[in-house]
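Please read the structure below before turning to the comments.
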Amino acid sequence: MLEGRNVLITGGSGFLGSSIAVALAENKAKTVAICYKSDKEKAMRTATKVRELGSEALTIRGDVSSHKGASSVAAELLENLGKLDILVNCVGDFLEKPLSQTSPEEWERVIRTNLHSVFYTCSAVLPSMRRNRWGRIVNLGVVSADHLVAARKTPAYRVAKVGVVALTKALAFEEAKHNITVNAILPGLIEGAEHTRAASRVPMGRLGSTRDVSDLVLFLVSEQAGYITGACIPVSGAWLI
């Protein structure tokens with residue numbers, strides 16, 4: 001249970017971020033802050049679900065893919081809540097294009113939203129966690145980002161998520177002395193994702209659910225996972241492992 005814990009979810013209005021927000025509320029998080037860039041309606045619907053489960057909800061509009069935007073989100077959150085205990089980084093644009101068809105603008109956007117956003121948001125909230133000598137950070141990657149393969153259809157996205165894995169490990173090493181854990185979840189084919197392919201490609205014979213991911217988030221932010229850091233865990237039904 002997460003009584004007394006304040007949580008920030010970037011990309012909290014998305015299908016995966018929303019599911020994680022609800023799961024954290026079900027486990028009695030004190031406040032779930034939902035960061036969104038443009039879809040206020042979805043963010044408000046998620047906030048309503050969180051409140052119905054008994055947790056407080058805060059919606060924050062901001063673009064965490066820039067240093068200024070992430071700093072502004074963290075400042076607003078800390079002004080309202082005083083401290084942050086848990087950060088879940090879900091934000092990031094997907095792109096399915098070979099390199100030969102990827103424009104410089106598309107490349108920059110995918111790297112910025114998936115990788116830079118993690119660095120900027122972590123940098124903005126870590127001082128609060130360090131002061132309190134407790135913190136949990138969970139970053140969302142993609143299956144197989146922990147080993148190098150040629151991603152012919154999604155090279156920009158894969159490069160960004162490989163960076164997330166490297167960043168997760170670097171942060172885990174640096175923040176361990178502050179009692180802060182940093183881990184990554186590497187989802188495979190998840191129901192509801194824009195890039196979902198046929199379940200027949202998954203050895204387990206089904207697509208993953210958002211609950212498969214959110215259940216692992218719940219474990220990684222719990223007291224029971226306090227000695228687990230720097231882990232990059234696939235949730236993929238054995239696809240691409």
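Labels for the structure tokens follow display order: chains A, B, ..., residues from 1 in each chain, ligands from 1.
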
Contact residues around range 2-11 of chain A with only C-alpha atoms at 8 Å, ignoring same-chain residues under 3 positions, as an NGL selection string: :A and (14 or 17 or 21 or 24 or 27-37 or 64 or 81 or 83-92 or 222)

Pull the alpha helix (DSSP H) assignments for chain A out of DSSP run on the backbone, and list those residues as a ChimeraX atom specification. /A:15-26,40-52,67-81,104-111,117-132,155-175,210-220

Residues within 8 Å of range 207-211 of chain A, only C-alpha atoms, excluding chain neighbours under 6 positions, as a ChimeraX atom specification: /A:15-16,19-20,188-191,198-199,235-237

Could the residues in this selection be saved with N, CA and C atoms as a PDB file, in the first residue's frame?
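Output (selection.pdb):
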ATOM      1  N   PHE A  15      -3.143   6.059 -22.651  1.00  0.00           N
ATOM      2  CA  PHE A  15      -3.818   4.824 -22.242  1.00  0.00           C
ATOM      3  C   PHE A  15      -3.017   4.077 -21.183  1.00  0.00           C
ATOM      4  N   LEU A  16      -1.699   4.099 -21.268  1.00  0.00           N
ATOM      5  CA  LEU A  16      -0.882   3.394 -20.284  1.00  0.00           C
ATOM      6  C   LEU A  16      -0.715   4.224 -19.016  1.00  0.00           C
ATOM      7  N   SER A  19      -3.867   4.047 -16.907  1.00  0.00           N
ATOM      8  CA  SER A  19      -4.009   2.776 -16.201  1.00  0.00           C
ATOM      9  C   SER A  19      -3.112   2.728 -14.969  1.00  0.00           C
ATOM     10  N   ILE A  20      -1.899   3.246 -15.101  1.00  0.00           N
ATOM     11  CA  ILE A  20      -0.975   3.267 -13.960  1.00  0.00           C
ATOM     12  C   ILE A  20      -1.504   4.195 -12.871  1.00  0.00           C
ATOM     13  N   GLY A 188       6.165  -5.012 -24.213  1.00  0.00           N
ATOM     14  CA  GLY A 188       6.079  -5.532 -25.567  1.00  0.00           C
ATOM     15  C   GLY A 188       4.831  -5.011 -26.248  1.00  0.00           C
ATOM     16  N   LEU A 189       4.081  -5.903 -26.864  1.00  0.00           N
ATOM     17  CA  LEU A 189       2.862  -5.519 -27.567  1.00  0.00           C
ATOM     18  C   LEU A 189       1.712  -5.442 -26.572  1.00  0.00           C
ATOM     19  N   ILE A 190       1.208  -4.237 -26.373  1.00  0.00           N
ATOM     20  CA  ILE A 190       0.196  -3.982 -25.351  1.00  0.00           C
ATOM     21  C   ILE A 190      -1.118  -3.602 -26.009  1.00  0.00           C
ATOM     22  N   GLU A 191      -2.210  -4.162 -25.528  1.00  0.00           N
ATOM     23  CA  GLU A 191      -3.540  -3.827 -26.044  1.00  0.00           C
ATOM     24  C   GLU A 191      -3.778  -2.325 -25.945  1.00  0.00           C
ATOM     25  N   ALA A 198      -0.113  -8.336 -34.423  1.00  0.00           N
ATOM     26  CA  ALA A 198      -0.901  -9.538 -34.159  1.00  0.00           C
ATOM     27  C   ALA A 198      -0.382 -10.290 -32.939  1.00  0.00           C
ATOM     28  N   ALA A 199      -1.308 -10.784 -32.120  1.00  0.00           N
ATOM     29  CA  ALA A 199      -0.938 -11.558 -30.941  1.00  0.00           C
ATOM     30  C   ALA A 199      -0.241 -12.852 -31.313  1.00  0.00           C
ATOM     31  N   VAL A 235       8.151  -6.817 -20.130  1.00  0.00           N
ATOM     32  CA  VAL A 235       6.783  -7.291 -19.913  1.00  0.00           C
ATOM     33  C   VAL A 235       6.242  -7.564 -21.305  1.00  0.00           C
ATOM     34  N   SER A 236       6.525  -8.762 -21.816  1.00  0.00           N
ATOM     35  CA  SER A 236       6.340  -8.980 -23.256  1.00  0.00           C
ATOM     36  C   SER A 236       5.839 -10.357 -23.638  1.00  0.00           C
ATOM     37  N   GLY A 237       5.535 -11.217 -22.656  1.00  0.00           N
ATOM     38  CA  GLY A 237       5.089 -12.557 -23.001  1.00  0.00           C
ATOM     39  C   GLY A 237       6.112 -13.329 -23.820  1.00  0.00           C
TER      40      GLY A 237
END

Within 10 Å of Val138 in chain A using only C-alpha atoms, minus same-chain residues under 4 positions, as a PyMOL selection string: chain A and resi 9+86-90+118+168+181-185+216-218+220-221+229-232

Residue set, range 51-231 of chain A restricted to strand (DSSP E), as a PyMOL selection string: chain A and resi 56-61+86-89+135-140+180-187

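When only C-alpha atoms are used to measure the gap to Asp212 in chain A, the shortest distance among A:Pro187, A:Ile241, A:Gly192, A:Lys68 belongs to A:Pro187.
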
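Closest to Glu106 in chain A among A:Thr154, A:Ile137, A:Arg61, A:Asn132 is A:Thr154, based on only C-alpha atoms.
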
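If you measure from each of A:Ala193, A:Leu140, A:Leu115, A:Val22 to Glu52 in chain A using only C-alpha atoms, the closest one turns out to be A:Val22.
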